[in-house]
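*Asks:* Structure file start_22.cif (mmCIF, C-alpha atoms) right here:
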data_model
loop_
_atom_site.label_atom_id
_atom_site.label_comp_id
_atom_site.auth_asym_id
_atom_site.auth_seq_id
_atom_site.Cartn_x
_atom_site.Cartn_y
_atom_site.Cartn_z
CA MET A 16 13.42 -21.76 5.94
CA LYS A 17 16.68 -19.86 6.40
CA THR A 18 15.95 -16.16 5.90
CA ALA A 19 18.09 -13.05 5.56
CA VAL A 20 16.71 -9.65 6.51
CA ILE A 21 18.24 -7.00 4.27
CA GLY A 22 17.97 -3.52 5.76
CA VAL A 23 17.85 -3.42 9.55
CA GLY A 24 16.22 -0.06 10.15
CA ASN A 25 12.85 0.70 11.74
CA MET A 26 10.87 -2.08 10.06
CA GLY A 27 13.68 -4.49 9.20
CA SER A 28 14.69 -4.73 12.86
CA LYS A 29 11.12 -5.66 13.75
CA TYR A 30 10.91 -8.36 11.08
CA ALA A 31 14.28 -9.79 12.10
CA SER A 32 13.33 -9.82 15.78
CA MET A 33 10.08 -11.66 15.05
CA ILE A 34 11.96 -14.33 13.13
CA PHE A 35 14.79 -14.66 15.66
CA ASP A 36 12.35 -14.82 18.58
CA GLY A 37 10.60 -17.79 16.98
CA LYS A 38 7.30 -16.00 16.37
CA ILE A 39 7.19 -17.06 12.72
CA LYS A 40 6.81 -20.81 12.28
CA GLY A 41 8.97 -22.28 9.55
CA MET A 42 11.45 -19.37 9.45
CA GLU A 43 14.94 -19.07 10.88
CA LEU A 44 17.04 -15.89 10.92
CA ALA A 45 20.16 -16.69 8.88
CA ALA A 46 21.72 -13.30 8.11
CA LEU A 47 21.43 -9.55 8.53
CA THR A 48 22.68 -6.52 6.66
CA ARG A 49 22.62 -2.73 6.72
CA MET A 50 22.22 -2.55 10.49
CA ARG A 51 22.10 0.96 11.93
CA PRO A 52 21.39 2.43 15.36
CA PRO A 53 19.19 2.72 17.26
CA TYR A 54 17.48 -0.28 15.68
CA SER A 55 20.53 -2.53 15.61
CA GLY A 56 20.42 -2.81 19.40
CA MET A 57 17.25 -4.87 19.13
CA LEU A 58 19.28 -7.66 17.55
CA ASN A 59 22.27 -7.91 19.87
CA ALA A 60 21.09 -11.33 21.03
CA ALA A 61 20.83 -12.54 17.44
CA VAL A 62 24.33 -11.35 16.60
CA ASP A 63 25.73 -12.79 19.84
CA SER A 64 24.16 -16.14 18.95
CA GLY A 65 26.09 -16.23 15.68
CA VAL A 66 23.76 -14.68 13.11
CA PRO A 67 26.20 -13.11 10.61
CA VAL A 68 26.00 -9.43 9.64
CA PHE A 69 27.04 -8.40 6.13
CA ASP A 70 27.89 -5.02 4.69
CA SER A 71 25.57 -5.36 1.71
CA ALA A 72 22.98 -7.52 0.00
CA ASP A 73 25.60 -8.44 -2.62
CA ASP A 74 27.82 -9.87 0.12
CA ILE A 75 24.95 -12.07 1.26
CA PHE A 76 24.27 -13.31 -2.27
CA ASN A 77 27.96 -13.99 -2.87
CA GLU A 78 28.26 -16.07 0.29
CA ALA A 79 25.08 -17.95 -0.59
CA GLU A 80 26.36 -18.66 -4.11
CA LYS A 81 29.62 -20.05 -2.72
CA GLY A 82 27.64 -22.30 -0.38
CA VAL A 83 29.09 -20.66 2.72
CA LEU A 84 25.70 -19.25 3.70
CA LYS A 85 22.64 -21.49 3.51
CA LEU A 86 19.68 -19.39 2.43
CA ASP A 87 16.09 -19.92 1.25
CA ALA A 88 14.52 -16.46 1.40
CA VAL A 89 15.11 -12.76 1.90
CA VAL A 90 13.04 -10.04 3.53
CA ILE A 91 13.77 -6.63 1.96
CA ALA A 92 13.42 -3.54 4.15
CA THR A 93 15.83 -1.10 2.51
CA PRO A 94 15.06 2.32 0.95
CA HIS A 95 12.40 2.00 -1.76
CA ILE A 96 14.63 2.67 -4.75
CA SER A 97 16.77 -0.42 -3.96
CA HIS A 98 13.93 -2.96 -3.63
CA GLU A 99 13.97 -3.89 -7.31
CA ASP A 100 17.71 -4.52 -7.57
CA ILE A 101 17.81 -6.69 -4.44
CA ALA A 102 14.70 -8.65 -5.40
CA LEU A 103 15.96 -9.37 -8.93
CA LYS A 104 19.25 -10.68 -7.57
CA ALA A 105 17.44 -12.78 -5.00
CA PHE A 106 15.28 -14.41 -7.65
CA GLU A 107 18.37 -15.04 -9.79
CA HIS A 108 19.83 -16.93 -6.83
CA GLY A 109 16.67 -19.02 -6.46
CA LEU A 110 15.43 -17.33 -3.29
CA ASN A 111 11.91 -16.49 -2.14
CA VAL A 112 11.26 -12.78 -1.61
CA LEU A 113 9.16 -10.75 0.81
CA THR A 114 9.53 -7.02 0.20
CA ASP A 115 8.33 -4.15 2.31
CA LYS A 116 5.98 -1.68 0.66
CA PRO A 117 6.15 -0.03 -1.79
CA SER A 118 7.64 -2.37 -4.39
CA GLY A 119 9.78 0.49 -5.60
CA VAL A 120 9.52 4.11 -6.60
CA TYR A 121 8.05 3.67 -10.07
CA SER A 122 5.72 1.03 -11.47
CA ARG A 123 8.30 -0.38 -13.91
CA GLN A 124 10.29 -1.61 -10.92
CA ALA A 125 7.25 -3.47 -9.63
CA ARG A 126 6.63 -4.99 -13.06
CA ASN A 127 10.25 -6.12 -13.37
CA MET A 128 10.08 -7.77 -9.94
CA GLU A 129 6.85 -9.52 -10.83
CA GLU A 130 8.26 -10.85 -14.10
CA ALA A 131 11.46 -12.03 -12.40
CA ALA A 132 9.42 -13.88 -9.79
CA GLU A 133 7.45 -15.65 -12.51
CA ARG A 134 10.65 -16.71 -14.28
CA SER A 135 12.18 -18.03 -11.07
CA GLY A 136 9.10 -19.89 -9.86
CA LYS A 137 9.79 -18.59 -6.35
CA VAL A 138 7.37 -17.02 -3.90
CA PHE A 139 7.02 -13.25 -4.16
CA SER A 140 5.09 -11.38 -1.45
CA ILE A 141 4.71 -7.81 -0.23
CA VAL A 142 4.05 -6.37 3.23
CA PHE A 143 0.51 -4.98 3.08
CA ASN A 144 -0.32 -5.54 6.73
CA GLN A 145 -3.58 -3.58 6.68
CA ARG A 146 -5.13 -6.48 4.79
CA THR A 147 -5.08 -8.35 8.10
CA SER A 148 -7.38 -5.78 9.76
CA PRO A 149 -10.73 -7.39 10.71
CA VAL A 150 -12.70 -4.27 9.78
CA TYR A 151 -11.25 -4.18 6.25
CA ILE A 152 -11.68 -7.93 5.83
CA LYS A 153 -15.38 -7.60 6.71
CA LEU A 154 -15.77 -4.56 4.47
CA LYS A 155 -14.29 -6.45 1.53
CA GLU A 156 -16.65 -9.36 2.22
CA ILE A 157 -19.65 -7.00 2.16
CA LEU A 158 -18.57 -5.28 -1.04
CA GLU A 159 -17.83 -8.52 -2.88
CA SER A 160 -21.21 -9.97 -1.89
CA GLY A 161 -22.93 -7.34 -4.03
CA LYS A 162 -25.62 -7.06 -1.37
CA TYR A 163 -25.84 -3.28 -1.66
CA GLY A 164 -25.33 -2.94 -5.40
CA GLU A 165 -22.66 -1.11 -7.36
CA LEU A 166 -20.21 1.47 -6.12
CA LYS A 167 -21.21 5.13 -6.50
CA ARG A 168 -18.59 7.07 -4.57
CA VAL A 169 -15.60 6.69 -2.25
CA ASN A 170 -14.34 9.42 0.06
CA TRP A 171 -11.29 8.64 2.19
CA ILE A 172 -9.66 11.20 4.46
CA VAL A 173 -6.46 9.85 6.02
CA THR A 174 -4.74 12.61 7.95
CA ASP A 175 -3.58 10.53 10.91
CA TRP A 176 -0.15 9.89 9.35
CA TYR A 177 1.25 12.82 11.34
CA ARG A 178 5.05 13.15 11.37
CA PRO A 179 7.23 15.78 13.12
CA GLU A 180 10.07 17.54 11.31
CA LYS A 181 12.71 15.28 12.89
CA TYR A 182 11.15 12.21 11.27
CA TYR A 183 12.33 13.55 7.93
CA THR A 184 15.81 14.44 9.15
CA SER A 185 16.34 11.11 10.92
CA SER A 186 17.68 9.53 7.74
CA SER A 187 19.57 10.95 4.77
CA TRP A 188 17.24 9.25 2.28
CA HIS A 189 13.98 10.49 3.78
CA ALA A 190 12.00 13.15 1.95
CA THR A 191 14.18 13.39 -1.17
CA TRP A 192 13.17 12.73 -4.75
CA LYS A 193 16.50 11.11 -5.59
CA LYS A 194 16.71 8.65 -2.68
CA ASP A 195 13.18 8.36 -1.33
CA GLY A 196 11.24 8.90 -4.55
CA GLY A 197 8.45 10.83 -2.88
CA GLY A 198 6.74 11.73 0.36
CA VAL A 199 3.48 10.63 1.94
CA LEU A 200 2.35 8.80 -1.21
CA LEU A 201 5.44 6.57 -1.15
CA ASN A 202 6.01 6.19 2.59
CA GLN A 203 2.65 6.05 4.36
CA ALA A 204 -0.18 6.04 1.81
CA PRO A 205 0.80 2.84 -0.07
CA HIS A 206 -1.26 1.06 2.58
CA ASN A 207 -4.33 3.17 1.78
CA LEU A 208 -3.84 3.00 -1.98
CA ASP A 209 -3.58 -0.77 -1.69
CA MET A 210 -6.83 -0.80 0.27
CA ILE A 211 -8.52 1.32 -2.40
CA GLN A 212 -7.69 -1.11 -5.21
CA TRP A 213 -8.19 -4.20 -2.98
CA LEU A 214 -11.66 -3.10 -1.90
CA PHE A 215 -12.95 -1.29 -4.97
CA GLY A 216 -10.77 -2.41 -7.87
CA MET A 217 -8.36 -0.32 -9.89
CA PRO A 218 -9.54 3.18 -10.80
CA VAL A 219 -9.20 4.10 -14.46
CA LYS A 220 -8.54 7.85 -14.12
CA VAL A 221 -6.96 10.13 -11.55
CA GLN A 222 -6.46 13.85 -11.06
CA GLY A 223 -3.86 14.61 -8.40
CA PHE A 224 -2.94 17.70 -6.42
CA CYS A 225 0.30 17.33 -4.44
CA LYS A 226 1.68 20.09 -2.23
CA GLU A 227 5.41 19.75 -1.66
CA GLY A 228 6.85 20.95 1.63
CA HIS A 229 3.48 22.30 2.71
CA PHE A 230 3.81 21.39 6.40
CA HIS A 231 7.50 20.47 6.62
CA ASN A 232 10.82 21.75 5.32
CA ILE A 233 11.11 19.00 2.69
CA GLU A 234 11.25 18.83 -1.10
CA VAL A 235 8.62 16.11 -1.52
CA GLU A 236 4.86 16.12 -0.95
CA ASP A 237 3.31 16.02 2.52
CA ASP A 238 -0.23 17.00 1.49
CA VAL A 239 -2.23 15.25 -1.24
CA THR A 240 -5.74 15.42 -2.65
CA ALA A 241 -6.66 13.05 -5.48
CA TYR A 242 -9.82 12.61 -7.52
CA LEU A 243 -10.50 9.07 -8.80
CA GLU A 244 -12.83 7.50 -11.37
CA TRP A 245 -13.77 3.86 -11.88
CA LYS A 246 -14.90 2.08 -15.03
CA ASN A 247 -18.56 1.97 -13.94
CA GLY A 248 -18.63 5.76 -13.46
CA ALA A 249 -18.09 5.74 -9.71
CA THR A 250 -15.96 8.57 -8.38
CA GLY A 251 -13.81 9.11 -5.34
CA VAL A 252 -11.66 11.52 -3.40
CA PHE A 253 -8.55 10.53 -1.45
CA ILE A 254 -6.97 13.03 0.94
CA THR A 255 -3.85 12.42 3.00
CA SER A 256 -1.11 14.35 4.76
CA THR A 257 1.58 14.10 7.43
CA GLY A 258 1.06 17.55 8.89
CA GLU A 259 -2.41 17.60 10.44
CA ALA A 260 -3.14 16.82 14.08
CA PRO A 261 -4.90 15.09 15.64
CA GLY A 262 -5.98 13.94 12.17
CA SER A 263 -8.64 11.45 11.17
CA ASN A 264 -9.14 8.27 9.19
CA ARG A 265 -12.64 8.14 7.76
CA LEU A 266 -13.67 6.06 4.76
CA GLU A 267 -17.16 6.75 3.42
CA ILE A 268 -18.61 4.52 0.70
CA SER A 269 -21.77 5.20 -1.26
CA LEU A 270 -23.40 2.17 -2.87
CA GLU A 271 -26.70 1.79 -4.69
CA GLU A 272 -28.47 0.44 -1.63
CA ALA A 273 -26.42 1.70 1.31
CA THR A 274 -23.89 4.11 2.72
CA ILE A 275 -21.03 2.54 4.68
CA ILE A 276 -18.82 4.56 7.01
CA CYS A 277 -15.59 2.95 8.19
CA GLU A 278 -13.94 4.71 11.10
CA ASN A 279 -12.22 3.79 14.39
CA GLY A 280 -12.61 0.05 13.84
CA ARG A 281 -16.34 0.33 13.19
CA LEU A 282 -18.58 -0.11 10.17
CA ARG A 283 -21.76 1.96 10.22
CA ILE A 284 -24.13 0.75 7.53
CA GLY A 285 -27.13 2.81 6.44
CA GLU A 286 -29.45 0.72 4.27
CA THR A 287 -32.09 2.34 2.06
CA PHE A 288 -34.40 -0.57 1.19
CA PRO A 289 -36.17 -0.90 4.58
CA GLU A 290 -37.26 2.74 4.30
CA MET A 291 -37.96 2.91 0.55
CA GLN A 292 -39.29 -0.62 0.12
CA GLN A 293 -37.71 -0.68 -3.29
CA LYS A 294 -34.28 -0.28 -4.80
CA GLU A 295 -32.91 3.25 -4.72
CA PRO A 296 -32.38 3.59 -8.51
CA GLU A 297 -36.02 2.62 -9.06
CA TYR A 298 -37.25 4.95 -6.32
CA ARG A 299 -35.21 7.80 -7.78
CA VAL A 300 -37.01 7.40 -11.11
CA GLU A 301 -40.53 6.79 -9.78
CA SER A 302 -40.85 8.96 -6.66
CA THR A 303 -43.03 12.09 -6.78
CA ASP A 304 -42.00 13.22 -3.28
CA TYR A 305 -39.61 15.93 -4.40
CA PHE A 306 -38.13 16.78 -1.02
CA ARG A 307 -38.20 13.55 0.94
CA LYS A 308 -35.06 13.00 3.01
CA ILE A 309 -33.92 9.38 3.09
CA ASN A 310 -32.61 8.73 6.60
CA GLY A 311 -31.67 5.08 6.10
CA SER A 312 -31.84 2.14 8.48
CA TRP A 313 -28.54 2.15 10.38
CA SER A 314 -26.63 -0.66 12.03
CA GLU A 315 -23.12 -0.90 13.42
CA LEU A 316 -20.41 -3.53 13.48
CA CYS A 317 -17.42 -3.15 15.82
CA PHE A 318 -14.05 -4.87 15.47
CA GLU A 319 -10.95 -5.27 17.59
CA LYS A 320 -7.59 -4.36 16.08
CA GLU A 321 -5.46 -7.19 14.71
CA PRO A 322 -2.84 -7.51 17.49
CA ALA A 323 0.01 -8.83 15.33
CA PRO A 324 -0.45 -7.73 11.70
CA TYR A 325 3.20 -7.99 10.70
CA GLU A 326 3.55 -11.43 12.24
CA LYS A 327 0.55 -12.53 10.18
CA VAL A 328 2.15 -11.21 6.99
CA LEU A 329 5.45 -12.96 7.68
CA GLN A 330 3.69 -16.15 8.71
CA SER A 331 1.63 -16.23 5.51
CA PHE A 332 4.82 -15.77 3.48
CA SER A 333 6.47 -18.62 5.39
CA ASP A 334 3.42 -20.82 4.88
CA GLU A 335 3.40 -20.25 1.12
CA CYS A 336 7.12 -20.94 0.86
CA ASN A 337 6.65 -24.14 2.84
CA GLY A 338 3.60 -25.22 0.81
CA SER A 339 1.05 -24.92 3.60
CA GLY A 340 -0.77 -21.69 2.69
CA THR A 341 -0.78 -18.51 0.64
CA SER A 342 0.61 -15.05 1.25
CA ILE A 343 -1.70 -12.30 2.45
CA ALA A 344 -0.53 -10.15 -0.45
CA HIS A 345 1.20 -11.50 -3.55
CA GLY A 346 4.06 -9.35 -4.78
CA SER A 347 2.13 -8.48 -7.94
CA GLU A 348 -0.27 -6.45 -5.79
CA GLY A 349 2.48 -3.91 -5.22
CA ARG A 350 2.35 -2.86 -8.85
CA LYS A 351 -1.27 -1.75 -8.49
CA SER A 352 -0.88 0.72 -5.63
CA LEU A 353 2.36 2.01 -7.15
CA MET A 354 0.60 2.62 -10.45
CA ILE A 355 -2.02 4.72 -8.63
CA SER A 356 0.56 6.81 -6.76
CA ASN A 357 2.63 7.29 -9.93
CA ALA A 358 -0.49 8.49 -11.74
CA ILE A 359 -1.31 10.96 -8.93
CA TYR A 360 2.21 12.38 -9.10
CA LEU A 361 2.18 12.64 -12.89
CA SER A 362 -1.23 14.29 -12.85
CA SER A 363 -0.10 16.87 -10.29
CA TRP A 364 3.11 17.68 -12.17
CA GLU A 365 1.41 17.95 -15.57
CA LYS A 366 -1.81 19.49 -14.22
CA ARG A 367 -4.10 17.11 -16.13
CA MET A 368 -6.24 14.02 -15.74
CA ILE A 369 -4.26 10.80 -16.15
CA ASP A 370 -5.63 7.54 -17.55
CA ILE A 371 -4.36 4.53 -15.62
CA PRO A 372 -3.27 2.03 -18.28
CA VAL A 373 -4.20 -1.62 -18.50
CA PHE A 374 -1.39 -3.87 -17.32
CA GLY A 375 0.52 -5.42 -20.20
CA SER A 376 -0.57 -2.79 -22.71
CA LEU A 377 1.53 -0.47 -24.87
CA GLN A 378 0.01 2.40 -22.88
CA GLU A 379 1.57 0.99 -19.70
CA LEU A 380 5.05 1.19 -21.23
CA GLU A 381 4.39 4.74 -22.38
CA PHE A 382 3.12 5.64 -18.91
CA GLU A 383 6.25 4.20 -17.29
CA GLN A 384 8.52 6.19 -19.57
CA GLU A 385 6.64 9.45 -19.00
CA PHE A 386 6.57 9.06 -15.22
CA GLU A 387 10.27 8.20 -14.96
CA LYS A 388 11.16 11.14 -17.19
CA ARG A 389 9.20 13.54 -14.97
CA LEU A 390 10.55 12.03 -11.75
CA LYS A 391 14.12 12.40 -13.00
CA GLU A 392 13.44 16.09 -13.58
CA ARG A 393 12.44 16.43 -9.91
CA GLY A 394 15.65 14.88 -8.59
#
Kindly present the structure from the file in structure tokens form.
*Replies:*
Amino acid sequence: MKTAVIGVGNMGSKYASMIFDGKIKGMELAALTRMRPPYSGMLNAAVDSGVPVFDSADDIFNEAEKGVLKLDAVVIATPHISHEDIALKAFEHGLNVLTDKPSGVYSRQARNMEEAAERSGKVFSIVFNQRTSPVYIKLKEILESGKYGELKRVNWIVTDWYRPEKYYTSSSWHATWKKDGGGVLLNQAPHNLDMIQWLFGMPVKVQGFCKEGHFHNIEVEDDVTAYLEWKNGATGVFITSTGEAPGSNRLEISLEEATIICENGRLRIGETFPEMQQKEPEYRVESTDYFRKINGSWSELCFEKEPAPYEKVLQSFSDECNGSGTSIAHGSEGRKSLMISNAIYLSSWEKRMIDIPVFGSLQELEFEQEFEKRLKERG
């Protein structure tokens, strides 16, 4: 499958190198664009071997349309705001699309990409590499089994996304509302927001508190606290920043029959039934021991890190395009995490609780319009 990588920066150079080095079965590097130092140096061998470099995505599509360039797929790794435009043109040209996260800056972009993919009949995938992590895969398996009952609460502190000031000045589009569309919620946290909806389902309400330029000299947010609610009444808190060191990444989940703590590649599971000898909701109603402390019966599962998460994502995309598998994350999944981040932003700006609309509803269109209006005011 002849593949063009559009946007050869930090991540695009890695994707292109994986393909050129033959690490992704069924994919061949056919073209590059938007190469910039220092990342372009990683692909000198590819360019020397004859892989063409184009000035823009449009140049690639024009050459493909004329039949000069044989192409089957594109990998998009450009600034977020441009993902939609490139993906739509790729689908119009009958190409499969793998886009880096997030799908775009606002949820309408993700919806447009999803609808274009459906019309084209081509494969649409998104890079959510944390779905390859063994600890999250096992956690999802446990939650979906229903073994420990319904969700009560989620608390996730993710402050290990630390970035120095020069990270934000390394590119003209970083940390601006107009070009980047946001800060930590758009650049780092899409992975975590995807995990939240992947593991627990979409929340229905959010209240967001975003601090802009709190730790860095930037106009966008680098410190976020969000309150979440789910349809069954479960609640959650999500905290993230790029200015705390050494930082932590601790996910604590309260279920009817257990507490699960996910941290440092480990799952610590504290079950209540062995101690109570009945289900916790029943015990809560029937117990006359007013001050009993429930210690729980604890066990631990340890997991190694996935050594090649991005290779797995690209390989799954290749497999789906070639009819031998399915992508780790379908492109439609990008709309979910983007909807959550958009709602957090809107809530923080308007200082109110935001209802997350049902996809395909009139409320979704109204939400899109309100968010884009407010975002335009920022830029």
*Asks:* Find the residues around Glu271 (chain A) up to 9 Å (only C-alpha atoms counted), leave out those fewer than 6 positions away in its own chain, and share them as a PyMOL selection string.
*Replies:* chain A and resi 163-167+287+294-296
*Asks:* Can you tell me which residues surround region 35-48 of chain A at a distance of at most 6 Å, considering all atoms listed in the file, apart from same-chain residues fewer than 3 positions away, and format the answer as a PyMOL selection string?
*Replies:* chain A and resi 16-22+32+66-71+330
*Asks:* Store the residues picked out above, limited to C-alpha atoms, as a tab-separated table (two decimals), in the frame of the given file.
*Replies:*
chain	number	residue	atom	x	y	z
A	16	MET	CA	13.42	-21.76	5.94
A	17	LYS	CA	16.68	-19.86	6.40
A	18	THR	CA	15.95	-16.16	5.90
A	19	ALA	CA	18.09	-13.05	5.56
A	20	VAL	CA	16.71	-9.65	6.51
A	21	ILE	CA	18.24	-7.00	4.27
A	22	GLY	CA	17.97	-3.52	5.76
A	32	SER	CA	13.33	-9.82	15.78
A	66	VAL	CA	23.76	-14.68	13.11
A	67	PRO	CA	26.20	-13.11	10.61
A	68	VAL	CA	26.00	-9.43	9.64
A	69	PHE	CA	27.04	-8.40	6.13
A	70	ASP	CA	27.89	-5.02	4.69
A	71	SER	CA	25.57	-5.36	1.71
A	330	GLN	CA	3.69	-16.15	8.71
*Asks:* Dump as a Markdown table the rows for residues of region 333-362 of chain A within 12 Å of region 367-391 of chain A: closest atom pair and distance in Å with one decimal, all atoms listed in the file counted, ordered by chain and rising residue number.
*Replies:*
| residue | atom | partner | partner_atom | distance |
| --- | --- | --- | --- | --- |
| A:Ser347 | CA | A:Phe374 | CA | 11.0 |
| A:Glu348 | CA | A:Phe374 | CA | 11.9 |
| A:Arg350 | CA | A:Phe374 | CA | 9.3 |
| A:Lys351 | CA | A:Phe374 | CA | 9.1 |
| A:Ser352 | CA | A:Ile371 | CA | 11.2 |
| A:Leu353 | CA | A:Glu383 | CA | 11.1 |
| A:Met354 | CA | A:Ile371 | CA | 7.4 |
| A:Ile355 | CA | A:Ile371 | CA | 7.4 |
| A:Ser356 | CA | A:Ile371 | CA | 10.4 |
| A:Asn357 | CA | A:Phe386 | CA | 6.8 |
| A:Ala358 | CA | A:Ile369 | CA | 6.2 |
| A:Ile359 | CA | A:Ile369 | CA | 7.8 |
| A:Tyr360 | CA | A:Phe386 | CA | 8.2 |
| A:Leu361 | CA | A:Phe386 | CA | 6.1 |
| A:Ser362 | CA | A:Arg367 | CA | 5.2 |
*Asks:* I need the residue nearest Thr147 (chain A) from this list: A:Ile309, A:Ile233, A:Met291, A:Met210. Use only C-alpha atoms for the distance.
*Replies:*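 With only C-alpha atoms as the atom set, the closest residue is A:Met210.
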*Asks:* Have a look at CA of Asp334 (chain A) and CA of Gly82 (chain A) and let me know their distance in Å, one decimal.
*Replies:* 24.8 Å
*Asks:* List the residues selected by the PyMOL selection byres ((chain A and resi 205) around 9) in the file shown, writing them as a list in words.
*Replies:* Lys116, Pro117, Phe143, Val199, Leu200, Leu201, Asn202, Gln203, Ala204, His206, Asn207, Leu208, Asp209, Met210, Gly349, Ser352, Leu353 and Ser356 of chain A
*Asks:* Measuring between all atoms listed in the file, which one of A:Val83, A:Val142, A:Val89, A:Met57 shows the shortest distance to Tyr325 (chain A)?
*Replies:*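 Among the listed residues, the smallest separation from Tyr325 (chain A) belongs to A:Val142.
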*Asks:* Report as a VMD selection string the residues that result from applying the PyMOL selection byres ((chain A and resi 282) around 12) to the structure here.
*Replies:* chain A and resid 149 to 155 157 265 to 268 273 to 281 283 to 285 313 to 319
*Asks:* What does the distance from CA of Tyr30 (chain A) to CA of Val62 (chain A) come to in Å, to one decimal?
*Replies:*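 Calculated distance between CA of Tyr30 (chain A) and CA of Val62 (chain A) is 14.8 Å.
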*Asks:* Please expand the PyMOL selection byres ((chain A and resi 261) around 10) into the concrete residues it hits in this file, giving the result as number ranges by chain.
*Replies:* A: 174-177, 258-260, 262-263
*Asks:* So how far away is CA of Ala92 (chain A) from CA of Met26 (chain A), in Å?
*Replies:*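 Spanning CA of Met26 (chain A) to CA of Ala92 (chain A) is a straight-line distance of 6.6 Å.
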*Asks:* Taking all listed atoms of region 341-351 of chain A, build the axis-aligned box, pad each of the six sides by 6 Å, then write its centre and edge lengths in Å to one decimal as lines of an AutoDock Vina configuration file.
*Replies:*
center_x = 1.2
center_y = -10.1
center_z = -3.2
size_x = 17.8
size_y = 28.8
size_z = 23.3
*Asks:* Which is closest to Thr257 (chain A) among A:Arg178, A:Lys220, A:Lys226, A:Arg126, if we use all atoms listed in the file?
*Replies:*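 Result for the nearest residue to Thr257 (chain A): A:Arg178.
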*Asks:* Which residues are close to Val23 (chain A), i.e. within 6 Å by all atoms listed in the file, leaving aside same-chain residues fewer than 4 positions away? Reply as a ChimeraX atom specification.
*Replies:* /A:27-28,49-50
